[in-house]
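Below is input_10.cif, which holds mmCIF, C-alpha atoms.
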data_coords
loop_
_atom_site.label_atom_id
_atom_site.label_comp_id
_atom_site.auth_asym_id
_atom_site.auth_seq_id
_atom_site.Cartn_x
_atom_site.Cartn_y
_atom_site.Cartn_z
CA MET A 1 17.99 5.25 26.66
CA LYS A 2 15.83 2.26 25.83
CA TYR A 3 13.48 4.57 23.96
CA ALA A 4 16.35 6.19 22.05
CA GLU A 5 17.41 2.73 20.92
CA ALA A 6 13.86 1.93 19.88
CA PHE A 7 13.71 5.20 17.92
CA VAL A 8 16.93 4.41 16.04
CA PHE A 9 15.86 0.90 15.07
CA ALA A 10 12.36 2.00 14.08
CA PHE A 11 13.96 4.76 11.98
CA PHE A 12 16.11 2.30 10.06
CA ALA A 13 13.29 -0.21 9.70
CA THR A 14 11.06 2.48 8.23
CA VAL A 15 13.78 3.62 5.82
CA ALA A 16 14.33 0.02 4.73
CA PHE A 17 10.62 -0.37 4.06
CA GLY A 18 10.63 2.88 2.13
CA VAL A 19 13.26 1.33 -0.14
CA LEU A 20 11.28 -1.91 -0.39
CA PHE A 21 8.25 0.10 -1.51
CA GLN A 22 10.41 2.00 -4.04
CA GLY A 23 9.83 5.36 -2.43
CA PRO A 24 11.83 8.30 -3.80
CA LYS A 25 15.07 9.11 -2.01
CA ARG A 26 14.03 12.53 -0.75
CA ILE A 27 11.21 11.18 1.41
CA LEU A 28 13.10 8.31 3.04
CA TRP A 29 14.58 10.05 6.09
CA ARG A 30 11.43 12.08 6.68
CA SER A 31 9.22 9.02 6.80
CA GLY A 32 11.90 7.38 8.96
CA ILE A 33 11.57 10.14 11.55
CA ILE A 34 7.80 9.78 11.55
CA GLY A 35 8.03 6.00 11.91
CA GLY A 36 10.46 6.31 14.82
CA ILE A 37 8.25 8.79 16.64
CA GLY A 38 5.18 6.62 16.11
CA TRP A 39 6.91 3.50 17.40
CA VAL A 40 8.27 5.32 20.47
CA ILE A 41 4.79 6.64 21.28
CA PHE A 42 3.38 3.14 20.90
CA ILE A 43 6.04 1.61 23.16
CA VAL A 44 5.65 4.32 25.80
CA LEU A 45 1.87 3.95 25.85
CA LYS A 46 1.92 0.18 25.84
CA ASN A 47 4.78 -0.56 28.23
CA GLY A 48 5.04 2.67 30.22
CA PHE A 49 1.34 3.32 30.79
CA SER A 50 0.21 -0.28 30.14
CA ILE A 51 -2.64 0.74 27.84
CA HIS A 52 -4.38 -1.92 25.77
CA SER A 53 -2.69 -2.41 22.42
CA PHE A 54 -5.81 -1.33 20.48
CA SER A 55 -5.78 2.13 22.08
CA ALA A 56 -1.99 2.36 21.92
CA ASN A 57 -2.06 1.57 18.19
CA PHE A 58 -4.87 4.05 17.66
CA LEU A 59 -3.13 6.93 19.45
CA ALA A 60 0.24 6.22 17.83
CA THR A 61 -1.41 6.13 14.41
CA ILE A 62 -3.13 9.44 15.07
CA ALA A 63 0.25 10.94 15.99
CA ILE A 64 1.81 9.49 12.82
CA ALA A 65 -1.02 10.77 10.65
CA VAL A 66 -0.92 14.28 12.13
CA ILE A 67 2.87 14.55 11.74
CA SER A 68 2.56 13.21 8.18
CA GLU A 69 -0.02 15.88 7.37
CA ILE A 70 2.30 18.56 8.76
CA PHE A 71 5.30 17.19 6.84
CA ALA A 72 3.19 16.97 3.70
CA ARG A 73 2.24 20.65 4.02
CA VAL A 74 5.84 21.65 4.70
CA TRP A 75 7.44 19.73 1.81
CA LYS A 76 4.49 19.77 -0.62
CA GLU A 77 4.21 16.01 -1.06
CA PRO A 78 1.14 13.76 -0.81
CA VAL A 79 0.43 12.48 2.68
CA THR A 80 0.42 8.76 1.93
CA VAL A 81 4.09 8.53 0.99
CA PHE A 82 4.99 9.51 4.53
CA GLU A 83 2.25 7.43 6.09
CA ILE A 84 2.66 4.08 4.38
CA PRO A 85 6.27 3.36 5.45
CA ALA A 86 5.73 5.03 8.83
CA ILE A 87 2.87 2.80 9.95
CA ILE A 88 4.76 -0.38 9.01
CA PRO A 89 6.40 -0.80 12.46
CA LEU A 90 2.93 -0.67 14.00
CA VAL A 91 1.31 -3.18 11.66
CA PRO A 92 0.67 -6.38 13.63
CA GLY A 93 2.54 -8.77 11.38
CA LEU A 94 3.83 -10.62 14.43
CA GLY A 95 0.29 -11.34 15.60
CA MET A 96 -0.79 -12.61 12.18
CA TYR A 97 2.22 -14.90 11.91
CA GLN A 98 1.89 -16.22 15.45
CA GLY A 99 -1.83 -16.85 15.03
CA MET A 100 -1.27 -18.81 11.84
CA ARG A 101 1.48 -20.81 13.48
CA TYR A 102 -0.64 -21.67 16.51
CA ILE A 103 -3.45 -22.80 14.24
CA LEU A 104 -1.08 -24.96 12.21
CA ASN A 105 0.22 -26.48 15.45
CA ASN A 106 -3.33 -27.45 16.51
CA TYR A 107 -3.83 -24.71 19.13
CA VAL A 108 -6.84 -23.41 17.24
CA ASN A 109 -8.52 -21.50 20.06
CA PHE A 110 -5.40 -19.65 21.07
CA GLY A 111 -4.56 -18.95 17.42
CA ASN A 112 -8.02 -17.49 16.84
CA GLU A 113 -7.55 -15.20 19.81
CA VAL A 114 -4.20 -13.93 18.56
CA LEU A 115 -5.53 -13.45 15.02
CA LEU A 116 -8.52 -11.52 16.32
CA GLY A 117 -6.15 -9.28 18.29
CA ALA A 118 -4.13 -8.64 15.14
CA ALA A 119 -7.29 -7.81 13.20
CA LEU A 120 -8.38 -5.37 15.91
CA ASP A 121 -4.98 -3.70 15.88
CA SER A 122 -5.05 -3.15 12.14
CA CYS A 123 -8.61 -1.83 12.47
CA ALA A 124 -7.25 0.68 15.00
CA ILE A 125 -4.53 1.74 12.55
CA ALA A 126 -6.96 2.14 9.66
CA LEU A 127 -9.39 4.02 11.91
CA GLY A 128 -6.74 6.50 13.02
CA ILE A 129 -5.59 7.17 9.48
CA MET A 130 -9.12 7.57 8.15
CA MET A 131 -10.13 9.95 10.96
CA VAL A 132 -7.17 12.26 10.62
CA SER A 133 -7.15 12.31 6.82
CA GLY A 134 -10.91 12.91 6.77
CA ILE A 135 -10.64 15.88 9.13
CA PHE A 136 -7.74 17.43 7.24
CA ARG A 137 -9.41 16.92 3.89
CA ALA A 138 -12.61 18.51 5.15
CA LEU A 139 -10.65 21.50 6.41
CA LYS A 140 -8.81 21.87 3.13
CA THR A 141 -11.48 21.34 0.53
CA GLY A 142 -14.83 21.78 2.23
CA ASN A 143 -16.22 23.92 -0.56
CA ASP A 144 -14.86 21.62 -3.25
CA PHE A 145 -16.59 18.69 -1.61
CA ALA A 146 -19.92 20.45 -1.39
CA ARG A 147 -19.74 21.37 -5.05
CA GLN A 148 -18.67 17.90 -6.07
CA ARG A 149 -21.50 16.32 -4.13
CA GLN A 150 -23.95 18.58 -5.92
CA GLN A 151 -22.44 17.56 -9.21
CA ASP A 152 -22.68 13.93 -8.17
CA LEU A 153 -26.37 14.30 -7.59
CA LEU A 154 -27.17 16.54 -10.51
CA GLY A 155 -24.41 15.55 -12.90
CA THR A 156 -26.69 14.19 -15.58
CA GLU A 157 -29.16 17.03 -15.30
CA ILE A 158 -26.66 19.85 -15.41
CA SER A 159 -25.36 18.82 -18.80
CA PRO A 160 -28.00 16.97 -20.78
CA GLU A 161 -26.33 17.97 -24.02
CA LEU A 162 -23.39 15.76 -23.13
CA TYR A 163 -25.57 12.77 -23.98
CA VAL A 164 -24.70 11.98 -27.55
CA THR A 165 -27.74 10.33 -29.03
CA ASP A 166 -27.19 11.16 -32.68
CA PRO A 167 -24.90 8.62 -34.40
CA GLU A 168 -23.66 11.13 -36.97
CA ASN A 169 -22.78 13.57 -34.27
CA GLU A 170 -20.99 10.79 -32.44
CA ALA A 171 -18.97 9.95 -35.51
CA ASP A 172 -18.06 13.60 -35.66
CA ASN A 173 -16.81 13.37 -32.12
CA GLU A 174 -14.32 10.59 -32.73
CA MET B 175 -14.80 18.21 -31.63
CA SER B 176 -17.36 20.87 -30.98
CA ASP B 177 -15.96 22.80 -28.07
CA HIS B 178 -19.13 24.56 -27.04
CA LYS B 179 -20.46 21.30 -25.67
CA GLN B 180 -17.71 20.85 -23.16
CA LYS B 181 -18.34 21.98 -19.60
CA GLY B 182 -14.83 21.35 -18.33
CA LEU B 183 -12.70 23.63 -16.24
CA PRO B 184 -11.78 26.81 -18.12
CA ASP B 185 -7.97 26.56 -18.19
CA LEU B 186 -7.74 23.07 -19.63
CA VAL B 187 -6.81 22.16 -23.19
CA PRO B 188 -10.01 20.52 -24.51
CA MET B 189 -9.99 16.79 -25.17
CA THR B 190 -12.52 14.48 -26.76
CA LYS B 191 -14.25 11.87 -24.70
CA ASN B 192 -12.15 9.09 -26.20
CA GLN B 193 -8.92 10.84 -25.34
CA VAL B 194 -10.08 11.52 -21.80
CA MET B 195 -11.04 7.88 -21.37
CA ASP B 196 -7.67 6.85 -22.76
CA ILE B 197 -5.67 8.93 -20.30
CA ALA B 198 -7.94 8.11 -17.37
CA MET B 199 -7.42 4.43 -18.13
CA ASP B 200 -3.64 4.92 -18.20
CA LEU B 201 -3.74 6.70 -14.85
CA GLY B 202 -5.82 3.89 -13.36
CA LYS B 203 -3.52 1.20 -14.72
CA ILE B 204 -0.40 2.87 -13.37
CA LEU B 205 -1.94 3.48 -9.96
CA LEU B 206 -3.36 -0.01 -9.55
CA LYS B 207 -0.19 -1.68 -10.78
CA SER B 208 1.91 0.26 -8.32
CA GLY B 209 -0.29 -0.86 -5.45
CA ALA B 210 -2.62 2.04 -4.67
CA GLU B 211 -5.92 1.51 -2.87
CA THR B 212 -8.90 1.08 -5.17
CA ASN B 213 -10.54 4.10 -3.60
CA ARG B 214 -7.66 6.27 -4.73
CA VAL B 215 -7.73 4.81 -8.25
CA GLU B 216 -11.44 5.48 -8.65
CA ASP B 217 -11.12 8.94 -7.16
CA THR B 218 -8.28 9.94 -9.46
CA MET B 219 -9.99 8.65 -12.59
CA MET B 220 -13.33 10.27 -11.74
CA ARG B 221 -11.66 13.56 -10.92
CA PHE B 222 -9.83 13.51 -14.24
CA CYS B 223 -12.99 12.78 -16.22
CA ARG B 224 -14.97 15.43 -14.38
CA SER B 225 -12.39 18.13 -14.69
CA TYR B 226 -12.84 17.78 -18.45
CA GLY B 227 -16.59 18.00 -18.09
CA TYR B 228 -17.59 14.39 -18.79
CA TYR B 229 -19.95 13.68 -15.92
CA ASP B 230 -21.36 10.56 -17.53
CA LEU B 231 -18.19 8.46 -17.22
CA ASN B 232 -18.14 5.99 -14.35
CA VAL B 233 -15.39 3.85 -12.90
CA PHE B 234 -15.49 0.53 -11.13
CA CYS B 235 -12.27 -0.85 -9.76
CA THR B 236 -11.24 -3.89 -7.76
CA PRO B 237 -7.67 -5.03 -7.05
CA THR B 238 -7.68 -7.06 -10.28
CA ILE B 239 -9.81 -5.12 -12.77
CA ILE B 240 -10.66 -1.59 -13.88
CA ILE B 241 -13.87 -0.89 -15.76
CA LEU B 242 -14.37 2.58 -17.18
CA GLY B 243 -17.87 2.89 -18.56
CA ASP B 244 -19.91 5.49 -20.35
CA GLU B 245 -23.40 6.05 -19.03
CA SER B 246 -24.76 7.66 -22.16
CA PRO B 247 -26.54 5.70 -24.92
CA ARG B 248 -24.10 4.09 -27.39
CA GLY B 249 -21.35 4.79 -24.92
CA LYS B 250 -18.28 2.63 -25.09
CA SER B 251 -16.57 1.11 -22.10
CA ARG B 252 -13.03 -0.02 -21.43
CA VAL B 253 -11.77 -2.86 -19.31
CA PHE B 254 -8.30 -3.58 -18.08
CA ARG B 255 -7.24 -6.70 -16.22
CA VAL B 256 -4.37 -6.34 -13.76
CA ARG B 257 -2.42 -9.49 -13.03
CA TRP B 258 0.93 -8.48 -11.56
CA ARG B 259 1.23 -5.77 -8.96
CA ALA B 260 4.40 -4.32 -7.46
CA THR B 261 4.52 -1.54 -4.91
CA ASP B 262 6.05 1.72 -6.17
CA LEU B 263 5.44 4.67 -3.88
CA GLY B 264 7.18 7.14 -6.19
CA LEU B 265 4.72 6.50 -9.02
CA ILE B 266 1.70 6.75 -6.72
CA MET B 267 3.11 9.99 -5.38
CA ASP B 268 3.62 11.59 -8.78
CA ILE B 269 0.27 10.51 -10.20
CA ASN B 270 -1.40 11.79 -7.06
CA GLN B 271 0.35 15.12 -7.41
CA PHE B 272 -0.81 15.20 -11.03
CA SER B 273 -4.38 14.49 -9.98
CA TYR B 274 -4.39 17.48 -7.64
CA ASN B 275 -3.03 19.71 -10.41
CA PHE B 276 -5.68 18.82 -12.99
CA ARG B 277 -7.19 22.27 -12.97
CA ARG B 278 -3.89 23.86 -13.98
CA TRP B 279 -2.91 21.16 -16.46
CA LYS B 280 -1.69 22.72 -19.71
CA MET B 281 -0.83 19.66 -21.80
CA ASP B 282 -2.98 18.10 -24.49
CA HIS B 283 -3.55 14.41 -25.11
CA VAL B 284 -0.25 13.56 -26.84
CA GLN B 285 1.88 15.55 -24.43
CA THR B 286 0.20 13.96 -21.45
CA LYS B 287 0.85 10.52 -22.93
CA HIS B 288 4.51 11.42 -23.36
CA TRP B 289 4.70 12.73 -19.83
CA LEU B 290 3.23 9.51 -18.47
CA GLN B 291 5.63 7.40 -20.54
CA ASN B 292 8.61 9.38 -19.33
CA ARG B 293 7.47 8.98 -15.76
CA LEU B 294 6.95 5.25 -16.26
CA ALA B 295 10.46 4.87 -17.63
CA GLN B 296 11.81 6.16 -14.30
CA SER B 297 9.76 3.78 -12.16
CA HIS B 298 11.34 1.37 -9.68
CA PRO B 299 14.42 3.49 -8.91
CA TYR B 300 16.19 0.94 -6.72
CA ARG B 301 18.11 -2.01 -8.12
CA ASN B 302 17.51 -5.53 -6.90
CA SER B 303 20.69 -5.63 -4.85
CA ILE B 304 19.67 -2.52 -2.93
CA VAL B 305 16.21 -3.94 -2.35
CA CYS B 306 17.71 -7.18 -0.98
CA LEU B 307 19.99 -5.19 1.31
CA ALA B 308 17.05 -3.10 2.50
CA SER B 309 15.12 -6.28 3.21
CA GLY B 310 18.02 -7.52 5.34
CA VAL B 311 18.32 -4.25 7.23
CA GLY B 312 14.57 -4.09 7.82
CA SER B 313 14.52 -7.66 9.13
CA ALA B 314 17.44 -6.99 11.44
CA CYS B 315 15.91 -3.79 12.82
CA PHE B 316 12.59 -5.53 13.39
CA SER B 317 14.22 -8.36 15.28
CA MET B 318 15.79 -5.73 17.55
CA LEU B 319 12.46 -3.89 17.94
CA LEU B 320 10.70 -7.07 19.01
CA GLY B 321 13.34 -7.83 21.61
CA GLY B 322 16.52 -9.37 20.19
CA ASP B 323 20.25 -8.96 20.71
CA VAL B 324 23.30 -8.73 18.44
CA TYR B 325 23.18 -12.41 17.47
CA ASP B 326 19.54 -12.11 16.45
CA PHE B 327 20.39 -8.95 14.52
CA THR B 328 22.96 -10.80 12.41
CA GLY B 329 20.81 -13.88 11.93
CA ALA B 330 17.75 -11.89 10.91
CA PHE B 331 19.84 -9.83 8.49
CA LEU B 332 21.13 -12.98 6.81
CA ALA B 333 17.70 -14.61 6.66
CA GLY B 334 15.93 -11.54 5.25
CA PHE B 335 18.70 -10.90 2.73
CA LEU B 336 18.78 -14.51 1.50
CA ALA B 337 15.01 -14.84 1.21
CA MET B 338 14.63 -11.60 -0.75
CA SER B 339 17.55 -12.45 -3.06
CA PHE B 340 15.97 -15.81 -3.76
CA LEU B 341 12.62 -14.18 -4.54
CA LYS B 342 14.29 -11.71 -6.89
CA THR B 343 16.05 -14.61 -8.62
CA VAL B 344 12.86 -16.56 -9.28
CA ASP B 345 10.91 -13.40 -10.07
CA ASN B 346 11.31 -13.90 -13.83
CA PHE B 347 9.35 -17.13 -13.70
CA HIS B 348 6.34 -15.31 -12.23
CA PRO B 349 5.48 -17.78 -9.49
CA THR B 350 2.01 -17.38 -8.03
CA PRO B 351 1.96 -15.39 -4.78
CA PHE B 352 1.26 -18.49 -2.76
CA TRP B 353 4.40 -20.27 -3.96
CA GLU B 354 6.45 -17.10 -3.67
CA ASN B 355 5.58 -16.68 0.00
CA PHE B 356 5.84 -20.41 0.66
CA MET B 357 9.41 -20.41 -0.66
CA ALA B 358 10.25 -17.26 1.29
CA GLY B 359 8.98 -18.92 4.45
CA MET B 360 11.02 -22.04 3.70
CA ILE B 361 14.23 -20.10 3.16
CA ILE B 362 13.73 -18.02 6.28
CA GLY B 363 13.11 -21.20 8.27
CA LEU B 364 16.23 -22.86 6.88
CA ALA B 365 18.44 -19.83 7.45
CA THR B 366 17.30 -19.29 11.03
CA LEU B 367 17.60 -23.00 11.86
CA ILE B 368 21.15 -23.14 10.50
CA CYS B 369 22.06 -19.97 12.42
CA ASN B 370 20.63 -21.49 15.57
CA TYR B 371 22.54 -24.73 14.90
CA ILE B 372 25.87 -22.96 14.42
CA GLU B 373 25.49 -20.41 17.21
CA PRO B 374 22.97 -21.37 19.93
CA GLU B 375 22.93 -17.78 21.24
CA CYS B 376 20.61 -16.90 18.35
CA THR B 377 17.02 -17.35 19.51
CA LEU B 378 14.83 -18.85 16.84
CA GLU B 379 11.71 -16.83 17.63
CA SER B 380 13.01 -13.27 17.36
CA MET B 381 15.13 -14.04 14.27
CA THR B 382 12.18 -15.60 12.47
CA VAL B 383 9.79 -12.82 13.38
CA GLY B 384 12.21 -10.13 12.23
CA ALA B 385 13.03 -11.87 8.97
CA LEU B 386 9.35 -12.44 8.18
CA MET B 387 8.42 -8.76 8.42
CA PRO B 388 9.26 -7.76 4.81
CA PHE B 389 7.07 -10.58 3.49
CA LEU B 390 4.12 -10.15 5.80
CA PRO B 391 1.01 -8.61 4.25
CA GLY B 392 0.52 -5.94 6.89
CA LEU B 393 0.11 -3.25 4.26
CA ALA B 394 -2.42 -5.32 2.30
CA PHE B 395 -4.41 -5.90 5.47
CA THR B 396 -4.47 -2.24 6.44
CA ASN B 397 -5.36 -1.28 2.88
CA GLY B 398 -8.20 -3.77 3.01
CA VAL B 399 -9.61 -2.20 6.13
CA ARG B 400 -9.24 1.22 4.55
CA ASP B 401 -11.18 -0.02 1.53
CA TYR B 402 -13.93 -1.26 3.84
CA MET B 403 -14.12 2.12 5.53
CA ALA B 404 -14.27 3.92 2.20
CA GLY B 405 -17.22 1.72 1.22
CA ASP B 406 -15.53 -0.56 -1.34
CA LEU B 407 -16.71 -3.83 0.12
CA LEU B 408 -15.59 -6.01 -2.78
CA SER B 409 -12.04 -4.65 -2.77
CA GLY B 410 -11.88 -4.84 0.99
CA ASN B 411 -12.90 -8.50 0.92
CA SER B 412 -10.40 -9.44 -1.71
CA ARG B 413 -7.53 -7.54 -0.11
CA ILE B 414 -8.16 -9.16 3.26
CA ALA B 415 -8.45 -12.58 1.64
CA GLU B 416 -5.14 -11.88 -0.11
CA ALA B 417 -3.50 -10.90 3.18
CA ALA B 418 -4.82 -14.02 4.89
CA LEU B 419 -3.58 -16.20 2.03
CA PHE B 420 -0.11 -14.66 2.19
CA ALA B 421 0.15 -15.05 5.95
CA LEU B 422 -1.06 -18.64 5.67
CA SER B 423 1.43 -19.50 2.94
CA ILE B 424 4.37 -18.05 4.86
CA ALA B 425 3.32 -19.92 7.98
CA ILE B 426 2.94 -23.16 5.99
CA GLY B 427 6.39 -22.80 4.45
CA LEU B 428 7.95 -22.13 7.81
CA ALA B 429 6.11 -24.93 9.59
CA PHE B 430 7.09 -27.33 6.82
CA VAL B 431 10.77 -26.59 7.29
CA LEU B 432 10.57 -26.79 11.07
CA LYS B 433 8.86 -30.18 10.87
CA ALA B 434 11.27 -31.47 8.23
CA TRP B 435 14.21 -30.37 10.37
CA THR B 436 13.02 -32.52 13.25
CA TRP B 437 12.14 -35.44 10.94
CA GLY B 438 15.64 -35.28 9.53
CA GLY B 439 16.99 -35.97 12.99
CA MET B 440 18.51 -32.55 13.57
CA PRO B 441 18.25 -31.11 17.10
#
Give the structure from this file in structure tokens form.
Amino acid sequence: MKYAEAFVFAFFATVAFGVLFQGPKRILWRSGIIGGIGWVIFIVLKNGFSIHSFSANFLATIAIAVISEIFARVWKEPVTVFEIPAIIPLVPGLGMYQGMRYILNNYVNFGNEVLLGAALDSCAIALGIMMVSGIFRALKTGNDFARQRQQDLLGTEISPELYVTDPENEADNE
Amino acid sequence: MSDHKQKGLPDLVPMTKNQVMDIAMDLGKILLKSGAETNRVEDTMMRFCRSYGYYDLNVFCTPTIIILGDESPRGKSRVFRVRWRATDLGLIMDINQFSYNFRRWKMDHVQTKHWLQNRLAQSHPYRNSIVCLASGVGSACFSMLLGGDVYDFTGAFLAGFLAMSFLKTVDNFHPTPFWENFMAGMIIGLATLICNYIEPECTLESMTVGALMPFLPGLAFTNGVRDYMAGDLLSGNSRIAEAALFALSIAIGLAFVLKAWTWGGMP
């Protein structure tokens, strides 16, 4: 029951952030579902299994990213529009605020500790997103990437005639 | 334009280098102004240039500037300075969709310009009142998530709503981000203190934390780390510095009000 409550509030928080970020109406409830699931996973891991918040953030972010990829394939939208509102409940804003407040109140050591924890948590979130999106992108466009890398290396040599050295020719190009 | 020189994708309507640079610059501007990561901006612009066969165009982008340069001799470059950014997921989404459809893109330069203008005219679909309401709802839900009760829910809703309405009111004066967040922190502090004064059931901590969520730079911080991981060290540095500045300014505004409240002799 506690988790159902958490899901509902995380859902509405995610929808509200979707509106704050000016997301289109058709993606709001979908990202809300993803955000709720992510938050429930985080809470279960952190409170139920008492895992460290770095790992809990990381696993919850991986779940969010995978569900976002699936939703993106189903509804033919880019992945980030589901991801960005959905990770907002996980983002350690509380830690950043508390750290700053401790530092301003002269508890510098404790504030540093809290800030470092917040930084680690956001590293975990970024890591999860990067891993999942990297894997999915490699699966989707492996051949494209190989070709593009070749073009990156050889770009100037493949098409030397693209170098316009003749001023008259350049004027012709305008 | 001599078409035989172009090595672009076969289905595209050919464009000259100037036109390609023009549209790539527009794409970059729109993306960066609506708050995309620099990695995505660079990727989109490079992909656009390459799909038209111009492999000698290069992009450098930080959160405040876009430089689109031409590697070839006598090449021209373009610079655009971005000062005001506002998050708009819908625009990022559509431009991203466009960037994955480059190879089937059938419009020429003028039509693409028109398409972009039409899309820009529909940006920011929600009115200010709805955004303020959403800020209130988000604050209230966050105060519940971080362990509050019904009193905290109401207090956080009021605080978030008031702070966002105030920010939208002063938005026309373009305050610097520091002052914007400082004032948001002050208003949140005042609102929560007054709520606590009227109804002592409202706990200060969970109301404040919930109401602060819409103004906290969590997204900027995560974007900064993403920039680091993508290899854009400069953008990562500046985004994280921005996030730290925002968090600091909110905390300063809040601490100022809390101190002033006790100096004023209030409980």
Distance limit 7 Å, atoms considered: only C-alpha atoms. Which chain B residues sit that close to chain A? Return them as a PyMOL selection string. chain B and resi 175+179+190+229-230+246-247+261-264+267+271+298-300+305+308-309+311-312+315-316+319+383+387+390+392+396+399-400+421-422+425
Nearby residues (all atoms listed in the file) at most 8 Å from Met199 (chain B), same-chain spacing under 5 positions excluded, as a PyMOL selection string: chain B and resi 219+242+252
Since I can't run it myself right now, could you work out what the PyMOL selection byres ((chain B and resi 427) around 6) selects here and report it as a list in words?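 Taken on the displayed file, the PyMOL selection byres ((chain B and resi 427) around 6) yields the residues Phe356, Gly359, Met360, Ile424, Ala425, Ile426, Leu428, Ala429 and Phe430 of chain B.
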As a check of understanding: the span from CA of Asp200 (chain B) to CA of Ser409 (chain B) is 20.0 Å
Using the chain letters and residue numbers of this document, give as a ChimeraX atom specification the residues selected by the PyMOL selection byres ((chain A and resi 53) around 10). /A:42-43,45-47,50-52,54-59,117-118,120-121,124
Applied to this file, what does the PyMOL selection byres ((chain B and resi 416) around 10) return in terms of residues, put as number ranges by chain? B: 351-352, 391, 394-395, 398, 410-415, 417-422
May I ask which of the residues A:Asn106, A:Ser31, A:Asn112, A:Ser68 is the closest one to Phe136 (chain A), counting all atoms listed in the file? A:Ser68
Which polymer residues have any atom within 10 Å of an atom of Val253 (chain B), counting all atoms listed in the file, with same-chain residues fewer than 4 positions away left out, as a list in words?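 With the cut-off at 10 Å, the set is Met199, Val233, Phe234, Cys235, Ile239, Ile240, Ile241, Leu242 and Gly243 of chain B.
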